[in-house]
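Working notes for the structure below.
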Amino acid sequence: MAFTYEHGSKEQRTDTPLLDINYGLFDHVQLKLEVPWETVARDGHHPSGLGESIAGVKWRFLDEDTHGVAMSIYPQLQFHWPALATARRVRGDEQHWLLPIQIERPIGPITVGGEVGLDVARGEKPRSVYGLAMGHKFTGRFELLGEIHGTAGPQFRQQEWLANGGCRFNITRLMTLLASAGTPVHSFQRDPPKIFSYIALQFTF
């Protein structure tokens, strides 16, 4: 269960709550459903509704223990609910397919992960998505994380880069605190968000 906040010069957006449910169907297959309740503050108005949701399946086809590296594919469908039109003025039938390949490997005390793939929207040319993340466990319960994530249009035009840093803290064996904050470092948009933040409690059953 998460809370997110995105601050821009013209509007502020919150997802409260953001329910992110993951279920391990098999040893190497994970199902995901993410549903936020979104509120947008714009021009003195605060419309709200179900926000952009995500449904996906992650398949890890290489294991770190066996192959020295973990690799997975993670197709996801991003879709809008009709109620979202009251919050962000978008069509309820807009959909995006995210088709990334992910890789992760420990290098000394640091775990390094990469991602590359496509963002495919109906009626639009595919956009590229890519990123690099690093993490270091200082103790058995506390880990620092950093990430650079980018998107680009055809021929790598309209690039956008985001920098994000955060941490993971295991409160108990079944409960974890997650927190991060980031900002765009390069954007083709005229008015990109200035800051975005995320805080969540993760429960494992």
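Going by the structure tokens order, chains are called A, B, ..., each with residues numbered from 1, while ligands are numbered from 1 in the order shown.
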Long-range neighbours of A:Val185 as a ChimeraX atom specification, 9 Å cut-off, only C-alpha atoms, 4 positions minimum in chain = /A:160-163
Can you list, as a PyMOL selection string, every protein, DNA or RNA residue that comes within 8 Å of A:Val40 when you count only C-alpha atoms, leaving out same-chain residues fewer than 2 positions away?
-> chain A and resi 11-14+38+42+45-48+87-88
Could you check which of A:Leu177, A:Leu25, A:Leu77, A:Val112 is closest to A:Ala200, using only C-alpha atoms?
->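 Comparing A:Leu177, A:Leu25, A:Leu77, A:Val112 against A:Ala200, the winner is A:Leu177.
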Going by DSSP on the backbone, which bits of stretch 25-121 of chain A are strand (DSSP E)? Write them as a PDB file with C-alpha atoms, in the first residue's frame, please.
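Full text of states25.pdb as output:
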```pdb
ATOM      1  CA  LEU A  25       1.950 -18.109  -9.141  1.00  0.00           C
ATOM      2  CA  PHE A  26       4.969 -20.415  -9.613  1.00  0.00           C
ATOM      3  CA  VAL A  29       6.148 -16.463 -12.481  1.00  0.00           C
ATOM      4  CA  GLN A  30       4.659 -13.439 -10.705  1.00  0.00           C
ATOM      5  CA  LEU A  31       1.282 -11.808 -11.345  1.00  0.00           C
ATOM      6  CA  LYS A  32       0.833  -8.082 -10.736  1.00  0.00           C
ATOM      7  CA  LEU A  33      -2.133  -5.720 -10.378  1.00  0.00           C
ATOM      8  CA  GLU A  34      -1.657  -2.045  -9.498  1.00  0.00           C
ATOM      9  CA  VAL A  35      -4.692   0.210  -8.883  1.00  0.00           C
ATOM     10  CA  PRO A  36      -4.402   3.830  -7.611  1.00  0.00           C
ATOM     11  CA  TRP A  37      -7.004   6.294  -6.403  1.00  0.00           C
ATOM     12  CA  GLU A  38      -5.819   9.495  -8.071  1.00  0.00           C
ATOM     13  CA  THR A  39      -6.463  13.123  -7.104  1.00  0.00           C
ATOM     14  CA  VAL A  40      -5.308  16.048  -9.244  1.00  0.00           C
ATOM     15  CA  ALA A  41      -5.115  19.616  -7.883  1.00  0.00           C
ATOM     16  CA  SER A  48     -10.390  12.354  -8.336  1.00  0.00           C
ATOM     17  CA  GLY A  49     -11.051   8.867  -9.610  1.00  0.00           C
ATOM     18  CA  LEU A  50      -9.433   5.546 -10.361  1.00  0.00           C
ATOM     19  CA  SER A  53      -3.786   0.875 -13.506  1.00  0.00           C
ATOM     20  CA  ILE A  54      -1.294  -1.819 -14.435  1.00  0.00           C
ATOM     21  CA  ALA A  55      -1.742  -5.556 -14.938  1.00  0.00           C
ATOM     22  CA  GLY A  56       1.300  -7.683 -15.740  1.00  0.00           C
ATOM     23  CA  VAL A  57       3.096 -11.018 -15.660  1.00  0.00           C
ATOM     24  CA  LYS A  58       6.783 -11.349 -14.777  1.00  0.00           C
ATOM     25  CA  TRP A  59       8.666 -14.461 -15.872  1.00  0.00           C
ATOM     26  CA  ARG A  60      12.219 -14.978 -14.589  1.00  0.00           C
ATOM     27  CA  PHE A  61      13.826 -17.348 -17.078  1.00  0.00           C
ATOM     28  CA  LEU A  62      17.384 -17.167 -15.682  1.00  0.00           C
ATOM     29  CA  ALA A  70      18.909 -13.051 -13.163  1.00  0.00           C
ATOM     30  CA  MET A  71      16.916 -12.209 -16.294  1.00  0.00           C
ATOM     31  CA  SER A  72      13.188 -11.756 -16.758  1.00  0.00           C
ATOM     32  CA  ILE A  73      10.563 -10.463 -19.128  1.00  0.00           C
ATOM     33  CA  GLN A  76       2.431  -5.095 -18.572  1.00  0.00           C
ATOM     34  CA  LEU A  77      -0.790  -3.435 -19.700  1.00  0.00           C
ATOM     35  CA  GLN A  78      -1.381   0.138 -18.492  1.00  0.00           C
ATOM     36  CA  PHE A  79      -5.048   1.064 -18.780  1.00  0.00           C
ATOM     37  CA  GLN A  95      -3.964   1.763 -23.202  1.00  0.00           C
ATOM     38  CA  HIS A  96      -0.211   1.197 -23.158  1.00  0.00           C
ATOM     39  CA  TRP A  97       1.705  -2.052 -23.421  1.00  0.00           C
ATOM     40  CA  LEU A  98       5.051  -2.095 -21.611  1.00  0.00           C
ATOM     41  CA  LEU A  99       7.359  -4.832 -22.919  1.00  0.00           C
ATOM     42  CA  PRO A 100      10.652  -4.762 -20.978  1.00  0.00           C
ATOM     43  CA  ILE A 101      13.497  -7.226 -20.531  1.00  0.00           C
ATOM     44  CA  GLN A 102      15.239  -6.978 -17.164  1.00  0.00           C
ATOM     45  CA  ILE A 103      18.643  -8.178 -15.977  1.00  0.00           C
ATOM     46  CA  GLU A 104      20.228  -8.104 -12.526  1.00  0.00           C
ATOM     47  CA  ARG A 105      23.600  -9.184 -11.158  1.00  0.00           C
ATOM     48  CA  PRO A 106      25.626  -8.571  -7.989  1.00  0.00           C
ATOM     49  CA  ILE A 107      28.993  -6.898  -8.558  1.00  0.00           C
ATOM     50  CA  ILE A 110      26.491  -3.657  -5.164  1.00  0.00           C
ATOM     51  CA  THR A 111      23.569  -5.171  -7.057  1.00  0.00           C
ATOM     52  CA  VAL A 112      23.206  -3.725 -10.555  1.00  0.00           C
ATOM     53  CA  GLY A 113      20.064  -4.021 -12.661  1.00  0.00           C
ATOM     54  CA  GLY A 114      19.177  -2.906 -16.164  1.00  0.00           C
ATOM     55  CA  GLU A 115      16.020  -2.691 -18.229  1.00  0.00           C
ATOM     56  CA  VAL A 116      15.301  -2.136 -21.913  1.00  0.00           C
ATOM     57  CA  GLY A 117      12.043  -2.425 -23.811  1.00  0.00           C
ATOM     58  CA  LEU A 118       9.161  -0.755 -25.604  1.00  0.00           C
ATOM     59  CA  ASP A 119       6.125   1.309 -24.613  1.00  0.00           C
ATOM     60  CA  VAL A 120       3.446   0.648 -27.224  1.00  0.00           C
ATOM     61  CA  ALA A 121       0.314   2.813 -27.311  1.00  0.00           C
TER      62      ALA A 121
END
```
Pick out the residues sitting within 6 Å of stretch 141-143 of chain A, and hand them over as a list of chain:residue names; count only C-alpha atoms, and ignore anything fewer than 2 positions along from it in its own chain.
-> A:His136, A:Lys137, A:Phe138, A:Thr139, A:Cys167, A:Arg168, A:Phe169, A:Asn170
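Shortest atom-to-atom contact with A:His149 among A:His186, A:Arg122, A:Arg173, A:His7: A:His186, counting only C-alpha atoms.
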From the list A:Asp20, A:Glu52, A:Asp63, A:Glu124, which residue is nearest A:Met1 when using only C-alpha atoms?
->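 Closest residue, counting only C-alpha atoms: A:Asp20.
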Which residue gives the smallest distance to A:Pro126 among A:Gly140, A:Pro154, A:Pro82, A:Pro109, with only C-alpha atoms counted?
->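 Looking only at the distances to A:Pro126, the closest residue turns out to be A:Pro154.
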Any idea what's packed within 7 Å of A:Met175, counting only C-alpha atoms, ignoring anything in its chain fewer than 3 positions away? Could you give it as a list in words?
-> Asn170, Ile171, Thr172, Leu201, Gln202, Phe203 and Thr204 of chain A
Measure the distance from atom CA of A:Gly166 to atom CA of A:Pro17 in Å and round it to one decimal.
-> 19.4 Å
Which is closest to A:Leu174 among A:Gly51, A:Phe205, A:Asp191, A:Leu144, if we use only C-alpha atoms?
-> A:Phe205
Enumerate, as a list in words, the complete set of residues in chain A that a backbone-based DSSP assignment places in alpha helix (DSSP H).
->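 Taking chain A and keeping alpha helix (DSSP H) only, one gets Glu64, Asp65, Thr66, His67, Ala85, Thr86, Ala87 and Arg88 of chain A.
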What does the distance between atom CA of A:Gly8 and atom CA of A:Pro192 come to in Å, to one decimal place?
->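 Distance reported for this atom pair: 6.6 Å.
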